[in-house]
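input.csv, holding CSV, C-alpha atoms:
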```
chain,number,residue,atom,x,y,z
A,569,MET,CA,5.1,198.5,40.9
A,570,LYS,CA,6.7,200.4,43.7
A,571,THR,CA,5.2,198.1,46.3
A,572,ASP,CA,6.6,195.1,44.4
A,573,ARG,CA,10.1,196.6,44.5
A,574,THR,CA,9.8,197.4,48.2
A,575,PHE,CA,8.6,193.8,48.8
A,576,GLN,CA,11.5,192.4,46.8
A,577,SER,CA,14.1,194.5,48.5
A,578,ARG,CA,12.7,193.5,51.9
A,579,ILE,CA,13.0,189.8,50.9
A,580,ALA,CA,16.5,190.4,49.7
A,581,MET,CA,17.4,192.2,53.0
A,582,ASP,CA,15.9,189.4,55.0
A,583,ALA,CA,17.7,186.7,53.0
A,584,ALA,CA,21.0,188.6,53.5
A,585,ALA,CA,20.4,188.9,57.2
A,586,VAL,CA,19.8,185.1,57.5
A,587,LEU,CA,22.9,184.5,55.6
A,588,ALA,CA,24.8,186.8,57.8
A,589,ARG,CA,23.5,185.0,60.9
A,590,TRP,CA,24.5,181.6,59.5
A,591,LEU,CA,27.9,183.0,58.4
A,592,LEU,CA,28.6,184.5,61.8
A,593,GLY,CA,27.4,181.3,63.5
A,594,ALA,CA,29.6,179.1,61.3
A,595,ALA,CA,32.6,181.3,61.8
A,596,PHE,CA,32.3,181.1,65.6
A,597,LEU,CA,31.6,177.4,65.5
A,598,TYR,CA,34.7,176.9,63.4
A,599,MET,CA,36.9,179.2,65.4
A,600,GLY,CA,35.7,177.8,68.7
A,601,LEU,CA,36.2,174.2,67.7
A,602,SER,CA,39.7,174.8,66.2
A,603,LYS,CA,40.7,176.2,69.6
A,604,ALA,CA,38.8,173.6,71.6
A,605,LEU,CA,40.7,170.8,69.8
A,606,HIS,CA,44.1,172.3,70.7
A,607,PRO,CA,43.5,173.8,74.2
A,608,VAL,CA,47.1,173.8,75.2
A,609,ASP,CA,48.1,175.8,72.1
A,610,PHE,CA,45.3,178.2,72.8
A,611,LEU,CA,46.4,178.5,76.5
A,612,LYS,CA,49.9,179.4,75.4
A,613,LEU,CA,48.6,182.0,72.9
A,614,LEU,CA,46.3,183.5,75.5
A,615,ARG,CA,49.2,183.8,77.9
A,616,GLN,CA,51.1,186.1,75.6
A,617,TYR,CA,48.5,188.8,76.3
A,618,ASP,CA,49.3,188.9,80.0
A,619,LEU,CA,45.6,189.2,80.9
A,620,VAL,CA,45.9,187.4,84.2
A,621,GLN,CA,48.8,186.1,86.3
A,622,ASN,CA,46.8,183.5,88.2
A,623,SER,CA,47.2,180.1,86.5
A,624,LEU,CA,43.7,178.9,87.6
A,625,LEU,CA,42.1,182.0,85.9
A,626,LEU,CA,44.2,181.6,82.8
A,627,ASN,CA,43.4,177.9,82.5
A,628,SER,CA,39.7,178.7,83.1
A,629,MET,CA,39.7,181.3,80.3
A,630,ALA,CA,41.5,179.0,77.9
A,631,ALA,CA,39.3,176.1,78.7
A,632,THR,CA,36.0,177.9,78.4
A,633,LEU,CA,36.4,180.6,75.7
A,634,PRO,CA,36.5,178.1,72.8
A,635,TRP,CA,33.4,176.2,74.0
A,636,PHE,CA,31.7,179.5,74.7
A,637,GLU,CA,32.3,180.5,71.1
A,638,VAL,CA,30.9,177.1,69.9
A,639,PHE,CA,27.8,177.7,72.1
A,640,CYS,CA,27.3,181.2,70.5
A,641,GLY,CA,27.9,179.8,67.1
A,642,LEU,CA,25.3,177.1,67.6
A,643,LEU,CA,22.7,179.6,68.9
A,644,LEU,CA,23.2,181.8,65.8
A,645,LEU,CA,23.0,178.8,63.4
A,646,LEU,CA,19.8,177.6,65.1
A,647,GLY,CA,18.4,181.1,65.5
A,648,VAL,CA,18.0,181.1,69.3
A,649,ALA,CA,18.3,184.2,71.4
A,650,VAL,CA,19.8,185.9,68.3
A,651,ARG,CA,20.0,189.5,69.7
A,652,GLY,CA,21.4,188.4,73.1
A,653,THR,CA,24.0,186.3,71.3
A,654,ALA,CA,24.9,189.1,69.0
A,655,LEU,CA,25.5,191.4,72.0
A,656,THR,CA,27.6,188.7,73.6
A,657,LEU,CA,29.7,188.5,70.5
A,658,ILE,CA,30.2,192.2,70.4
A,659,VAL,CA,31.2,192.2,74.1
A,660,MET,CA,33.8,189.6,73.3
A,661,LEU,CA,35.0,190.9,70.0
A,662,VAL,CA,35.6,194.5,70.8
A,663,PRO,CA,38.1,194.1,73.7
A,664,PHE,CA,39.8,191.2,72.0
A,665,THR,CA,40.3,193.2,68.8
A,666,LEU,CA,41.8,196.0,70.9
A,667,LEU,CA,44.2,193.6,72.5
A,668,VAL,CA,45.2,192.2,69.2
A,669,LEU,CA,45.7,195.7,67.9
A,670,HIS,CA,47.8,196.6,70.9
A,671,ARG,CA,50.1,193.6,70.5
A,672,ALA,CA,50.4,194.3,66.7
A,673,LEU,CA,51.5,197.9,67.5
A,674,LEU,CA,54.2,196.6,69.8
A,675,LEU,CA,55.4,194.1,67.2
A,676,HIS,CA,55.2,196.8,64.5
A,677,ALA,CA,57.4,199.1,66.6
A,678,ALA,CA,59.9,196.3,67.6
A,679,LEU,CA,60.3,194.8,64.1
A,680,ALA,CA,60.3,198.2,62.3
A,681,ILE,CA,58.2,196.8,59.4
A,682,PRO,CA,55.0,198.2,57.8
A,683,PHE,CA,52.0,197.7,60.1
A,684,CYS,CA,50.2,195.5,57.6
A,685,ALA,CA,53.3,193.2,57.3
A,686,VAL,CA,53.0,192.3,61.0
A,687,LYS,CA,51.7,188.8,61.3
A,688,PHE,CA,51.3,186.5,64.3
A,689,ASP,CA,49.0,184.0,65.8
A,690,CYS,CA,46.5,186.0,67.8
A,691,GLY,CA,44.8,182.9,69.2
A,692,CYS,CA,41.7,183.6,67.1
A,693,GLY,CA,41.6,180.1,65.8
A,694,ALA,CA,42.9,180.7,62.3
A,695,GLY,CA,46.6,180.4,62.9
A,696,THR,CA,49.2,183.0,61.9
A,697,GLU,CA,47.6,185.9,60.0
A,698,PHE,CA,48.5,189.3,58.7
A,699,ILE,CA,47.3,191.9,61.2
A,700,CYS,CA,45.4,194.1,58.7
A,701,ARG,CA,43.4,191.1,57.4
A,702,LYS,CA,42.7,190.0,61.0
A,703,LEU,CA,41.4,193.5,62.0
A,704,LEU,CA,39.3,193.7,58.9
A,705,GLU,CA,37.8,190.2,59.7
A,706,ASN,CA,37.0,191.3,63.2
A,707,PHE,CA,35.5,194.6,62.1
A,708,LEU,CA,33.2,192.7,59.7
A,709,LEU,CA,32.2,190.2,62.5
A,710,ILE,CA,31.4,193.2,64.7
A,711,LEU,CA,29.4,194.8,62.0
A,712,LEU,CA,27.4,191.6,61.3
A,713,SER,CA,26.8,191.2,65.0
A,714,GLY,CA,25.6,194.8,65.2
A,715,TRP,CA,23.2,194.2,62.3
A,716,LEU,CA,21.7,191.1,64.0
A,717,LEU,CA,21.4,193.1,67.3
A,718,PHE,CA,18.9,195.3,65.5
A,719,GLY,CA,16.6,192.5,65.0
A,720,ARG,CA,17.6,191.2,61.6
A,721,GLY,CA,17.8,187.6,60.5
A,722,ARG,CA,14.5,186.3,62.0
A,723,GLN,CA,13.7,183.9,59.2
A,724,PHE,CA,14.5,180.2,59.8
A,725,SER,CA,15.1,180.9,63.5
A,726,ARG,CA,14.0,178.4,66.1
A,727,ARG,CA,13.4,181.0,68.8
A,728,PHE,CA,14.6,184.4,67.9
A,729,ASN,CA,13.6,185.9,71.2
A,730,LEU,CA,14.4,183.6,74.1
A,731,ILE,CA,12.8,186.0,76.5
A,732,LYS,CA,9.4,186.8,75.2
A,733,PRO,CA,8.5,190.5,75.0
A,734,PRO,CA,5.7,191.4,77.4
A,735,ALA,CA,2.4,192.0,75.7
A,736,SER,CA,1.7,195.7,75.6
B,1434,MET,CA,8.0,199.9,86.9
B,1435,LYS,CA,5.4,199.9,84.3
B,1436,ASP,CA,6.4,200.7,80.7
B,1437,ASN,CA,3.2,201.6,78.9
B,1438,PRO,CA,3.7,202.4,75.2
B,1439,THR,CA,3.5,206.0,74.4
B,1440,PRO,CA,3.1,207.6,71.0
B,1441,SER,CA,6.9,208.4,70.9
B,1442,GLY,CA,7.6,204.6,71.3
B,1443,VAL,CA,10.3,205.1,73.9
B,1444,PRO,CA,9.1,202.6,76.4
B,1445,ASP,CA,8.9,200.0,73.6
B,1446,ARG,CA,12.5,200.6,72.8
B,1447,LEU,CA,13.3,200.4,76.5
B,1448,LEU,CA,11.6,197.1,76.7
B,1449,ALA,CA,13.5,195.8,73.7
B,1450,VAL,CA,16.8,197.0,75.3
B,1451,ARG,CA,15.9,195.2,78.5
B,1452,GLN,CA,15.0,192.1,76.6
B,1453,ILE,CA,18.3,192.1,74.8
B,1454,PHE,CA,20.3,192.6,78.0
B,1455,GLY,CA,18.2,189.8,79.7
B,1456,GLU,CA,19.0,187.5,76.8
B,1457,PHE,CA,22.7,188.6,76.9
B,1458,ALA,CA,22.8,187.6,80.6
B,1459,LEU,CA,21.1,184.3,79.9
B,1460,VAL,CA,23.4,183.5,77.0
B,1461,ALA,CA,26.5,184.4,79.2
B,1462,VAL,CA,25.4,182.2,82.1
B,1463,LEU,CA,24.2,179.2,80.0
B,1464,GLY,CA,27.3,179.6,77.7
B,1465,ALA,CA,29.6,179.5,80.7
B,1466,ALA,CA,27.9,176.4,82.1
B,1467,PHE,CA,28.1,174.8,78.7
B,1468,ALA,CA,31.7,175.7,78.3
B,1469,PHE,CA,32.8,174.4,81.7
B,1470,ALA,CA,30.8,171.1,81.1
B,1471,ALA,CA,32.3,170.7,77.6
B,1472,ASN,CA,35.8,171.2,78.9
B,1473,GLN,CA,35.2,168.6,81.6
B,1474,ILE,CA,33.7,166.0,79.2
B,1475,SER,CA,36.2,166.6,76.4
B,1476,PRO,CA,39.1,164.2,76.4
B,1477,LEU,CA,41.2,167.2,75.3
B,1478,GLY,CA,40.0,169.4,78.1
B,1479,LEU,CA,42.4,171.4,80.2
B,1480,ALA,CA,42.9,170.6,83.9
B,1481,LEU,CA,42.0,173.9,85.5
B,1482,THR,CA,44.3,173.5,88.5
B,1483,ARG,CA,47.4,172.3,86.6
B,1484,ASN,CA,50.3,174.7,86.0
B,1485,TYR,CA,51.0,174.3,82.3
B,1486,PHE,CA,54.0,176.7,82.6
B,1487,PRO,CA,56.2,175.4,85.3
B,1488,THR,CA,59.3,177.4,86.0
B,1489,GLY,CA,61.2,174.3,87.0
B,1490,THR,CA,61.3,171.0,85.2
B,1491,SER,CA,59.8,167.6,85.8
B,1492,PRO,CA,61.2,164.4,84.3
B,1493,SER,CA,57.9,163.6,82.6
B,1494,VAL,CA,57.5,164.3,78.9
B,1495,ARG,CA,55.0,166.9,78.1
B,1496,LEU,CA,51.9,165.6,76.4
B,1497,SER,CA,49.3,167.6,74.6
B,1498,ALA,CA,46.0,167.3,76.5
B,1499,GLY,CA,44.7,164.7,74.1
B,1500,ASP,CA,47.6,162.3,74.0
B,1501,THR,CA,46.3,159.9,76.6
B,1502,ASN,CA,45.9,156.8,74.5
B,1503,SER,CA,49.2,156.7,72.6
B,1504,GLY,CA,51.7,154.0,73.4
B,1505,PRO,CA,54.8,154.5,75.4
B,1506,VAL,CA,57.4,156.7,73.7
B,1507,SER,CA,60.7,157.9,74.9
B,1508,PRO,CA,61.0,161.6,75.7
B,1509,THR,CA,63.4,162.1,72.9
B,1510,GLN,CA,61.2,160.3,70.4
B,1511,PHE,CA,58.2,162.3,71.4
B,1512,LEU,CA,60.0,165.6,71.2
B,1513,ALA,CA,61.7,164.8,67.9
B,1514,ARG,CA,58.3,163.9,66.5
B,1515,GLN,CA,56.7,167.1,67.7
B,1516,MET,CA,59.6,169.2,66.3
B,1517,GLN,CA,59.5,167.4,63.0
B,1518,GLU,CA,55.8,168.1,62.6
B,1519,LYS,CA,56.5,171.8,63.0
B,1520,GLY,CA,59.5,171.8,60.7
B,1521,LEU,CA,62.0,172.3,63.5
B,1522,GLN,CA,65.1,170.1,64.4
B,1523,LEU,CA,65.8,168.7,67.8
B,1524,LEU,CA,69.3,168.7,69.3
B,1525,ASP,CA,70.5,166.5,72.1
B,1526,ASP,CA,73.0,167.6,74.8
B,1527,SER,CA,76.1,166.4,73.0
B,1528,GLN,CA,75.2,168.1,69.8
B,1529,SER,CA,74.5,171.3,71.7
B,1530,ALA,CA,77.7,171.1,73.6
B,1531,ARG,CA,79.6,170.6,70.3
B,1532,LEU,CA,78.0,173.7,68.9
B,1533,PHE,CA,78.9,175.6,72.0
B,1534,ARG,CA,82.6,174.7,71.6
B,1535,ASP,CA,82.5,175.4,67.9
B,1536,PRO,CA,84.7,178.5,67.2
B,1537,ARG,CA,81.9,179.9,65.1
B,1538,PHE,CA,79.9,180.4,68.3
B,1539,LYS,CA,82.4,183.2,69.4
B,1540,GLN,CA,81.7,184.9,66.1
B,1541,ASP,CA,77.9,184.8,66.4
B,1542,ILE,CA,77.7,182.5,63.4
B,1543,ILE,CA,76.2,180.0,65.8
B,1544,ILE,CA,74.1,181.6,68.5
B,1545,PHE,CA,72.2,180.3,71.5
B,1546,VAL,CA,68.8,181.7,72.4
B,1547,ASP,CA,67.4,181.4,75.9
B,1548,ALA,CA,63.6,181.2,75.7
B,1549,ARG,CA,62.9,181.5,79.4
B,1550,ASP,CA,61.7,184.5,81.4
B,1551,GLU,CA,64.1,187.2,82.6
B,1552,ASP,CA,64.4,185.9,86.2
B,1553,SER,CA,65.3,182.4,85.0
B,1554,TYR,CA,67.9,183.9,82.6
B,1555,GLN,CA,69.5,186.0,85.3
B,1556,ARG,CA,69.7,183.0,87.6
B,1557,GLY,CA,71.7,181.1,85.0
B,1558,HIS,CA,72.0,180.6,81.3
B,1559,ILE,CA,74.4,179.1,78.8
B,1560,PRO,CA,77.3,181.5,78.6
B,1561,GLY,CA,76.8,183.9,75.7
B,1562,ALA,CA,73.2,183.0,75.1
B,1563,TYR,CA,70.8,185.7,74.1
B,1564,GLU,CA,67.6,186.3,76.1
B,1565,PHE,CA,64.4,186.0,74.1
B,1566,ASP,CA,61.2,185.4,76.1
B,1567,PRO,CA,58.6,184.3,73.5
B,1568,PHE,CA,55.8,185.8,75.5
B,1569,HIS,CA,57.3,189.3,75.3
B,1570,PRO,CA,59.1,189.1,72.0
B,1571,GLU,CA,58.8,192.9,71.3
B,1572,LYS,CA,61.4,193.5,74.1
B,1573,TYR,CA,64.0,191.3,72.4
B,1574,PHE,CA,63.5,191.6,68.7
B,1575,ASP,CA,65.8,194.6,68.3
B,1576,ALA,CA,68.7,192.7,69.7
B,1577,VAL,CA,68.1,189.2,68.6
B,1578,LEU,CA,66.5,189.4,65.2
B,1579,PRO,CA,69.6,190.9,63.3
B,1580,LEU,CA,71.8,188.2,64.9
B,1581,CYS,CA,69.4,185.5,63.9
B,1582,GLN,CA,69.4,186.8,60.3
B,1583,LYS,CA,73.2,186.6,60.2
B,1584,ALA,CA,73.7,183.3,62.1
B,1585,VAL,CA,73.8,180.0,60.3
B,1586,GLN,CA,72.7,177.9,63.3
B,1587,ILE,CA,70.4,179.1,66.1
B,1588,VAL,CA,70.1,176.9,69.1
B,1589,VAL,CA,67.0,177.7,71.2
B,1590,TYR,CA,66.5,176.2,74.6
B,1591,CYS,CA,64.4,176.6,77.8
B,1592,ASN,CA,64.2,174.5,80.9
B,1593,GLY,CA,63.8,171.2,79.2
B,1594,GLY,CA,61.4,168.6,80.4
B,1595,ASP,CA,57.8,169.9,80.4
B,1596,CYS,CA,58.9,173.3,79.2
B,1597,ASP,CA,58.1,174.1,75.6
B,1598,ASP,CA,59.0,177.8,75.5
B,1599,SER,CA,61.9,177.0,73.2
B,1600,GLU,CA,59.5,175.6,70.7
B,1601,SER,CA,57.3,178.7,70.9
B,1602,ALA,CA,60.4,180.9,70.5
B,1603,ALA,CA,61.6,179.0,67.5
B,1604,LEU,CA,58.2,179.1,65.9
B,1605,LEU,CA,58.0,182.8,66.5
B,1606,LEU,CA,61.4,183.4,64.9
B,1607,ARG,CA,60.3,181.3,62.0
B,1608,ASP,CA,57.1,183.4,61.6
B,1609,VAL,CA,59.1,186.6,61.4
B,1610,GLY,CA,61.2,185.3,58.6
B,1611,ILE,CA,64.1,183.2,60.1
B,1612,SER,CA,64.5,180.1,58.0
B,1613,ASN,CA,63.5,177.0,60.0
B,1614,LEU,CA,66.5,175.2,58.4
B,1615,LYS,CA,68.7,177.0,60.8
B,1616,LEU,CA,66.5,176.8,63.9
B,1617,PHE,CA,67.4,174.0,66.3
B,1618,VAL,CA,65.7,173.2,69.6
B,1619,PHE,CA,67.8,171.9,72.4
B,1620,GLY,CA,65.3,169.6,74.0
B,1621,GLY,CA,67.1,168.9,77.3
B,1622,GLY,CA,67.4,172.6,77.9
B,1623,ILE,CA,69.3,174.2,80.8
B,1624,THR,CA,68.6,171.3,83.1
B,1625,GLU,CA,70.4,168.8,81.0
B,1626,TRP,CA,73.2,171.3,80.4
B,1627,MET,CA,73.7,171.7,84.1
B,1628,THR,CA,73.4,168.0,84.7
B,1629,ASN,CA,76.3,167.5,82.3
B,1630,ASN,CA,78.4,170.0,84.3
B,1631,LEU,CA,78.7,172.4,81.5
B,1632,PRO,CA,79.3,176.1,82.3
B,1633,VAL,CA,76.5,178.4,83.3
B,1634,GLU,CA,76.7,182.1,83.4
B,1635,THR,CA,74.6,184.2,85.8
B,1636,GLY,CA,73.4,187.8,85.5
B,1637,ALA,CA,73.5,189.6,82.2
B,1638,ARG,CA,74.9,188.2,79.0
B,1639,ASN,CA,78.7,188.0,79.0
B,1640,SER,CA,78.8,189.0,82.7
B,1641,GLY,CA,81.7,186.7,83.1
B,1642,ILE,CA,80.2,185.3,86.3
B,1643,LEU,CA,80.2,181.6,85.9
B,1644,ARG,CA,78.5,179.2,88.2
B,1645,LYS,CA,80.7,176.4,89.3
B,1646,PRO,CA,79.7,173.0,87.9
B,1647,ASN,CA,78.4,170.4,90.4
B,1648,PRO,CA,81.3,168.3,91.9
```

Whole structure, structure tokens version:
Amino acid sequence: MKTDRTFQSRIAMDAAAVLARWLLGAAFLYMGLSKALHPVDFLKLLRQYDLVQNSLLLNSMAATLPWFEVFCGLLLLLGVAVRGTALTLIVMLVPFTLLVLHRALLLHAALAIPFCAVKFDCGCGAGTEFICRKLLENFLLILLSGWLLFGRGRQFSRRFNLIKPPAS
Amino acid sequence: MKDNPTPSGVPDRLLAVRQIFGEFALVAVLGAAFAFAANQISPLGLALTRNYFPTGTSPSVRLSAGDTNSGPVSPTQFLARQMQEKGLQLLDDSQSARLFRDPRFKQDIIIFVDARDEDSYQRGHIPGAYEFDPFHPEKYFDAVLPLCQKAVQIVVYCNGGDCDDSESAALLLRDVGISNLKLFVFGGGITEWMTNNLPVETGARNSGILRKPNP
């Protein structure tokens, strides 16, 4: 009886992890494509963060980031190099979330309105959004990526490990 | 280095970490290659060497990266269409000049907003226009937002031509609660203003230093 319950909960956990992988993949595919289809708009939004002054670098970032997200989204949907992709997403999401937070704090101070009432287009691919919602979304995406990083979501994956672990 | 498994399992974990970082590097390299190739192939792709934010103006009408197969449209038609899609209204030079001469302009019932950067503003702006760089709005909200709330017509401009900072500024003001019904974009911008020999003020707002119109 106990074994049955353990087995069922493991199946439920595996199913949830696969769903999380697909959800994360679809989200990045959608966000990447929505930016890739309007690259000039994304370039303008990226410029507001003052990340780089050089136009070649700024153009390169605006040109490649959306497609890079599409690439990561596809890898997750197909289940290829899942842990490496999850780490890549965390590396992209954490600094970007901090940048968005920094900008939101500046606007919050300048507009003298409640923090959660601050809304702007952060260049995330979903248009103008309230900051608290955006931060929550990013936090969830980071959590899901972290979960996949720990080896979850193997089912229905084409090649979970792109680099094969050496036989011990 | 040889990582033999031990009862504690540490080398196994180390191997897993190495594997994850290896995959991470591979995903980063392949992803970057994919992204550059996709941008090159895509008809909407950005030209990496092009300056999309010129400080001067060019006579060409700006086109979004994908607009390569549309028929010939006049600059005004193109701009008007773009503004309309975003719920904004386009003003030409004579309409802008009329608003500038309107007595309500002196009372801040009609205001002009300069959406260029600080240097450009200092070099010359429409007399009495407020500075509002849409890429650093937090610096200007304090001064500009209360005025926009009170004003009945807000004319936003930048350099004109390829510049679309006026559009960005107008959209930003709309997003913070200014009705788009009172937001107007002067498409010709400062270039057209100067071409028409209208007064230009240099330095700070209301500095009183007017640049002489061209003879």

Taking (66.9, 165.2, 71.9) in the coordinates of the supplied file, I want to know which residues reach to within 6 Å of it, counting all atoms listed in the file; could you give the answer as a list in words?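 Final list of nearby residues, as requested, is Thr1509, Leu1523, Leu1524, Asp1525 and Gly1620 of chain B.
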
Report, in Å with one decimal, the straight-line distance from CA of Lys732 in chain A to CA of Ala1470 in chain B.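 Here the two named atoms are 27.2 Å from each other.
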
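Contact shell of Ile658 in chain A at 10 Å (only C-alpha atoms; same-chain neighbours under 3 positions omitted): Gly652, Thr653, Ala654, Leu655, Leu661, Val662, Pro663, Phe664, Asn706, Leu709, Ile710, Leu711, Leu712, Ser713, Gly714 and Leu717 of chain A.
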
Up to 6 Å from chain A, what residues of chain B turn up? Count all atoms listed in the file and give them as a PyMOL selection string. chain B and resi 1453+1456-1457+1464+1468-1469+1479+1481-1482+1568+1571

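Rounded to one decimal, CA of Ile1544 in chain B and CA of Leu1631 in chain B lie 16.6 Å from each other.
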
Need to verify the contact set: Pro1570 in chain B, 9 Å, all atoms listed in the file, exclusion of same-chain residues closer than 2 positions in sequence. Can you return it as number ranges by chain? A: 675, 678; B: 1565-1568, 1572-1574, 1602, 1605

Of the candidates A:Phe724, A:Phe683, A:Phe575, A:Phe610, which one gets nearest to Trp590 in chain A if we count all atoms listed in the file?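 Ranking A:Phe724, A:Phe683, A:Phe575, A:Phe610 by distance to Trp590 in chain A, first place goes to A:Phe724.
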
Quick one: what's the axis-aligned box for range 634-641 of chain A, all listed atoms, 4 Å on every side, centre and edges in Å to one decimal, as AutoDock Vina command-line options?
```
--center_x 31.9 --center_y 178.7 --center_z 70.9 --size_x 17.2 --size_y 13.0 --size_z 15.6
```

What gap, in Å, lies between CA of Arg1537 in chain B and CA of Gly1621 in chain B? 22.1 Å

Can you pull out the residues contacting Phe1617 in chain B? Cut-off 9 Å, using all atoms listed in the file, and skip same-chain residues under 4 positions away; I want them as a list in words. Leu1521, Gln1522, Leu1523, Leu1524, Gln1586, Ile1587, Val1588, Val1589, Tyr1590, Ala1603 and Asn1613 of chain B

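For the set B:Val1618, B:Gln1473, B:Gly1636, B:Gln1582, the residue with the smallest atom-to-atom gap to Gly1520 in chain B is B:Val1618, counting only C-alpha atoms.
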
What's around Cys692 in chain A at 9 Å? Count all atoms listed in the file, leave out sequence neighbours fewer than 4 positions away in its own chain, and write the answer as a list in words.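 The filter keeps Met599, Gly600, Lys603, Phe610 and Lys702 of chain A.
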